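Here is the file input22.cif (mmCIF, C-alpha atoms).
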data_start
#
loop_
_atom_site.group_PDB
_atom_site.id
_atom_site.type_symbol
_atom_site.label_atom_id
_atom_site.label_comp_id
_atom_site.auth_asym_id
_atom_site.auth_seq_id
_atom_site.Cartn_x
_atom_site.Cartn_y
_atom_site.Cartn_z
ATOM 1 C CA MET V 64 0.000 0.000 0.000
ATOM 2 C CA ILE V 65 1.263 3.497 -0.828
ATOM 3 C CA ALA V 66 0.505 5.775 2.108
ATOM 4 C CA GLY V 67 1.053 9.077 0.320
ATOM 5 C CA ILE V 68 3.705 11.280 -1.245
ATOM 6 C CA HIS V 69 6.713 11.954 0.969
ATOM 7 C CA HIS V 70 8.442 14.443 -1.339
ATOM 8 C CA ALA V 71 8.806 15.556 -4.910
ATOM 9 C CA GLN V 72 11.981 16.847 -6.511
ATOM 10 C CA ILE V 73 12.542 19.500 -9.128
ATOM 11 C CA THR V 74 15.890 20.681 -10.407
ATOM 12 C CA ILE V 75 17.644 23.972 -10.979
ATOM 13 C CA PRO V 76 21.004 24.712 -12.615
ATOM 14 C CA SER V 77 24.032 24.257 -10.339
ATOM 15 C CA GLY V 78 24.961 27.362 -8.385
ATOM 16 C CA LYS V 79 21.467 28.925 -8.593
ATOM 17 C CA GLU V 80 20.361 28.026 -5.046
ATOM 18 C CA GLU V 81 20.066 31.645 -3.853
ATOM 19 C CA GLU V 82 17.886 32.604 -6.817
ATOM 20 C CA ALA V 83 15.745 29.522 -6.142
ATOM 21 C CA ARG V 84 15.461 30.435 -2.439
ATOM 22 C CA ALA V 85 14.313 33.925 -3.452
ATOM 23 C CA PHE V 86 11.480 32.380 -5.481
ATOM 24 C CA TYR V 87 10.472 29.401 -3.338
ATOM 25 C CA CYS V 88 11.149 30.788 0.157
ATOM 26 C CA GLY V 89 10.772 34.515 -0.533
ATOM 27 C CA LEU V 90 7.969 34.729 -3.087
ATOM 28 C CA LEU V 91 6.087 31.497 -2.325
ATOM 29 C CA GLY V 92 6.830 31.541 1.416
ATOM 30 C CA LEU V 93 7.933 27.912 1.708
ATOM 31 C CA GLU V 94 10.067 26.995 4.715
ATOM 32 C CA GLU V 95 13.534 25.564 4.180
ATOM 33 C CA MET V 96 14.340 22.450 6.176
ATOM 34 C CA ASP V 97 17.663 20.875 7.111
ATOM 35 C CA LYS V 98 19.153 18.636 4.481
ATOM 36 C CA PRO V 99 21.122 15.622 5.773
ATOM 37 C CA GLU V 100 24.877 16.183 5.984
ATOM 38 C CA SER V 101 25.436 13.210 3.692
ATOM 39 C CA LEU V 102 23.596 15.032 0.859
ATOM 40 C CA LYS V 103 24.668 18.665 1.373
ATOM 41 C CA GLY V 104 27.617 18.366 -1.013
ATOM 42 C CA ARG V 105 25.278 17.620 -3.915
ATOM 43 C CA GLY V 106 23.848 21.162 -3.988
ATOM 44 C CA GLY V 107 20.241 22.213 -3.734
ATOM 45 C CA PHE V 108 18.033 22.402 -0.654
ATOM 46 C CA TRP V 109 14.822 20.999 0.820
ATOM 47 C CA LEU V 110 11.497 22.702 1.644
ATOM 48 C CA HIS V 111 8.338 21.996 3.644
ATOM 49 C CA THR V 112 5.175 22.368 1.563
ATOM 50 C CA GLY V 113 2.437 21.255 3.944
ATOM 51 C CA ASN V 114 1.736 17.537 3.666
ATOM 52 C CA ALA V 115 4.818 16.654 1.564
ATOM 53 C CA ASP V 116 8.284 18.073 1.090
ATOM 54 C CA LEU V 117 9.883 19.580 -1.987
ATOM 55 C CA HIS V 118 13.513 18.832 -2.782
ATOM 56 C CA ILE V 119 15.309 21.325 -4.990
ATOM 57 C CA GLY V 120 18.182 19.495 -6.648
ATOM 58 C CA THR V 121 20.767 20.632 -9.167
ATOM 59 C CA GLU V 122 21.069 19.294 -12.690
ATOM 60 C CA GLU V 123 22.662 20.495 -15.913
ATOM 61 C CA GLY V 124 21.598 20.043 -19.519
ATOM 62 C CA VAL V 125 17.832 20.165 -18.896
ATOM 63 C CA ASP V 126 15.434 22.395 -20.851
ATOM 64 C CA ARG V 127 12.792 22.843 -18.164
ATOM 65 C CA TYR V 128 10.634 24.977 -20.492
ATOM 66 C CA GLN V 129 9.943 21.955 -22.707
ATOM 67 C CA THR V 130 8.261 19.716 -20.138
ATOM 68 C CA LYS V 131 4.757 19.360 -18.779
ATOM 69 C CA ALA V 132 6.186 17.925 -15.552
ATOM 70 C CA HIS V 133 5.127 20.074 -12.617
ATOM 71 C CA ILE V 134 3.991 20.310 -9.029
ATOM 72 C CA ALA V 135 0.492 21.583 -8.271
ATOM 73 C CA TYR V 136 0.326 23.535 -5.017
ATOM 74 C CA GLU V 137 -3.109 23.372 -3.405
ATOM 75 C CA VAL V 138 -4.056 26.842 -2.145
ATOM 76 C CA ASN V 139 -7.022 28.396 -0.353
ATOM 77 C CA ASP V 140 -7.105 31.603 -2.439
ATOM 78 C CA VAL V 141 -5.928 31.117 -6.019
ATOM 79 C CA ARG V 142 -6.769 34.745 -6.867
ATOM 80 C CA TYR V 143 -4.347 35.977 -4.179
ATOM 81 C CA TRP V 144 -1.536 33.849 -5.604
ATOM 82 C CA LYS V 145 -2.217 34.962 -9.155
ATOM 83 C CA GLU V 146 -2.106 38.637 -8.153
ATOM 84 C CA HIS V 147 0.917 38.127 -5.860
ATOM 85 C CA LEU V 148 2.976 36.404 -8.547
ATOM 86 C CA GLU V 149 1.952 38.905 -11.248
ATOM 87 C CA LYS V 150 2.895 41.788 -8.953
ATOM 88 C CA HIS V 151 6.381 40.303 -8.652
ATOM 89 C CA GLY V 152 6.841 39.917 -12.414
ATOM 90 C CA THR V 153 5.868 36.274 -12.884
ATOM 91 C CA ASN V 154 4.180 35.541 -16.218
ATOM 92 C CA ILE V 155 0.847 33.813 -15.555
ATOM 93 C CA LEU V 156 -0.228 31.064 -17.941
ATOM 94 C CA GLN V 157 -3.854 30.044 -18.269
ATOM 95 C CA SER V 158 -4.718 26.435 -17.586
ATOM 96 C CA ILE V 159 -7.350 24.287 -19.226
ATOM 97 C CA ALA V 160 -10.438 24.368 -17.005
ATOM 98 C CA ILE V 161 -11.119 21.401 -14.738
ATOM 99 C CA PRO V 162 -14.629 21.221 -13.232
ATOM 100 C CA GLY V 163 -14.590 21.916 -9.491
ATOM 101 C CA TYR V 164 -11.214 23.713 -9.507
ATOM 102 C CA ASP V 165 -9.782 27.162 -10.143
ATOM 103 C CA ARG V 166 -6.168 27.071 -11.258
ATOM 104 C CA PHE V 167 -3.371 28.713 -13.197
ATOM 105 C CA GLU V 168 0.211 27.962 -14.120
ATOM 106 C CA CYS V 169 3.489 29.812 -14.304
ATOM 107 C CA ARG V 170 7.182 28.972 -14.579
ATOM 108 C CA ASP V 171 9.803 29.470 -11.885
ATOM 109 C CA PRO V 172 12.963 31.428 -12.831
ATOM 110 C CA PHE V 173 14.505 28.215 -14.220
ATOM 111 C CA GLY V 174 11.549 27.074 -16.343
ATOM 112 C CA ASN V 175 10.015 24.570 -13.929
ATOM 113 C CA ARG V 176 6.248 24.551 -14.388
ATOM 114 C CA VAL V 177 4.306 25.609 -11.279
ATOM 115 C CA GLU V 178 0.554 25.152 -10.828
ATOM 116 C CA MET V 179 -1.614 26.792 -8.190
ATOM 117 C CA ILE V 180 -4.949 25.020 -7.724
ATOM 118 C CA GLN V 181 -7.949 25.668 -5.500
ATOM 119 C CA VAL V 182 -10.856 23.328 -4.872
ATOM 120 C CA LEU V 183 -14.128 25.222 -5.449
#
Starting from the file, lay out its structure as structure tokens.
Amino acid sequence: MIAGIHHAQITIPSGKEEEARAFYCGLLGLEEMDKPESLKGRGGFWLHTGNADLHIGTEEGVDRYQTKAHIAYEVNDVRYWKEHLEKHGTNILQSIAIPGYDRFECRDPFGNRVEMIQVL
């Protein structure tokens, strides 16, 4: 039996951790958590996201703008997030409607697809 999702991982280019922290911790407000000593030398960092964690790893040679892979963050006020991200210069992408949900997409500074979704 699978009990749930423990964490998901996305990647950023090596050496871009501070820019990623500005987006994920600063703009999105996620809390950084301690990464085990045995993994610190690999770059990146880990975040709490509510009921699962997000690992930000480093990887070269990836065109993140060409993938549909993404994480959907469940939010209580999708309109707030849309306005907040727009205000800070994030390009908002419209999503195909799904009955019972309000949602939109954007890309982080590295091209990773980000979805904000609210249950109606």
Item to check | Residues matched by the PyMOL selection byres ((chain V and resi 106) around 8) as a PyMOL selection string | outcome: chain V and resi 77-78+80+102-105+107-108+120-121
Next, the residues of the selection above should be written as a CSV table (one decimal), keeping the file's coordinate frame with C-alpha atoms.
chain,number,residue,atom,x,y,z
V,77,SER,CA,24.0,24.3,-10.3
V,78,GLY,CA,25.0,27.4,-8.4
V,80,GLU,CA,20.4,28.0,-5.0
V,102,LEU,CA,23.6,15.0,0.9
V,103,LYS,CA,24.7,18.7,1.4
V,104,GLY,CA,27.6,18.4,-1.0
V,105,ARG,CA,25.3,17.6,-3.9
V,107,GLY,CA,20.2,22.2,-3.7
V,108,PHE,CA,18.0,22.4,-0.7
V,120,GLY,CA,18.2,19.5,-6.6
V,121,THR,CA,20.8,20.6,-9.2
Checklist entry - Written as a PyMOL selection string, what is the full residue list that the PyMOL selection byres ((chain V and resi 130) around 12) yields on the file shown? => result chain V and resi 73+125-129+131-134+170+174-177
Give me the range 69-124 of chain V side of the contact with range 141-160 of chain V, cut-off 10 Å, one line per residue showing its nearest atom pair and distance in Å at one decimal, counting only C-alpha atoms, sorted by chain and residue number, as JSON lines.
{"residue": "V:Phe86", "atom": "CA", "partner": "V:Leu148", "partner_atom": "CA", "distance": 9.9}
{"residue": "V:Leu90", "atom": "CA", "partner": "V:Leu148", "partner_atom": "CA", "distance": 7.6}
{"residue": "V:Leu91", "atom": "CA", "partner": "V:Leu148", "partner_atom": "CA", "distance": 8.5}
Checklist entry - For the file shown, what are the residues hit by the PyMOL selection byres ((chain V and resi 93) around 9), laid out as a VMD selection string? => result chain V and resid 84 87 to 92 94 to 95 110 to 113
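CA of Asn114 in chain V is positioned 22.6 Å from CA of Ile75 in chain V.
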Next on the checklist: Env of Glu137 in chain V: 8 Å cut, atoms = all atoms listed in the file, seq-sep filter 5 positions within chain, self excluded. Answer as an MDAnalysis selection string.
Outcome noted: chainID V and resid 179:182
Item to check | For CA of His70 in chain V and CA of Asp165 in chain V, the interatomic separation in Å (one decimal) | outcome: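 Atom-to-atom, CA of His70 in chain V to CA of Asp165 in chain V, that is 23.9 Å.
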Checklist entry - Between V:Trp109, V:Met64, V:Glu122, V:Ala115, which has the minimum distance to Phe173 in chain V (counting all atoms listed in the file)? => result V:Glu122
Item to check | Separation of CA of Ile68 in chain V from CA of Val138 in chain V, in Å and rounded to one decimal | outcome: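 Value for the CA of Ile68 in chain V-CA of Val138 in chain V distance: 17.4 Å.
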Next on the checklist: Could you check the closest approach to Asp116 in chain V for each of V:Tyr136, V:Glu81, V:Lys98, V:Ala71 and tell me which residue wins, using all atoms listed in the file?
Outcome noted: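 Checking each of V:Tyr136, V:Glu81, V:Lys98, V:Ala71 against Asp116 in chain V, counting all atoms listed in the file, the winner is V:Ala71.
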Item to check | Nearest to Thr74 in chain V by atom-to-atom distance, counting all atoms listed in the file, from V:Glu100, V:Tyr164, V:Ala135, V:Leu117 | outcome: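 Once distances to Thr74 in chain V are computed over all atoms listed in the file, the minimum belongs to V:Leu117.
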Item to check | Residue with smallest distance to Asn139 in chain V - pool V:Ile65, V:Met96, V:Arg166, V:Pro76, counting all atoms listed in the file | outcome: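 Using all atoms listed in the file, Asn139 in chain V sits closest to V:Arg166.
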Checklist entry - Which residue out of V:Ala85, V:Leu183, V:Gly124, V:Pro99 has the minimum interatomic distance to Asp171 in chain V when only C-alpha atoms are used? => result V:Ala85
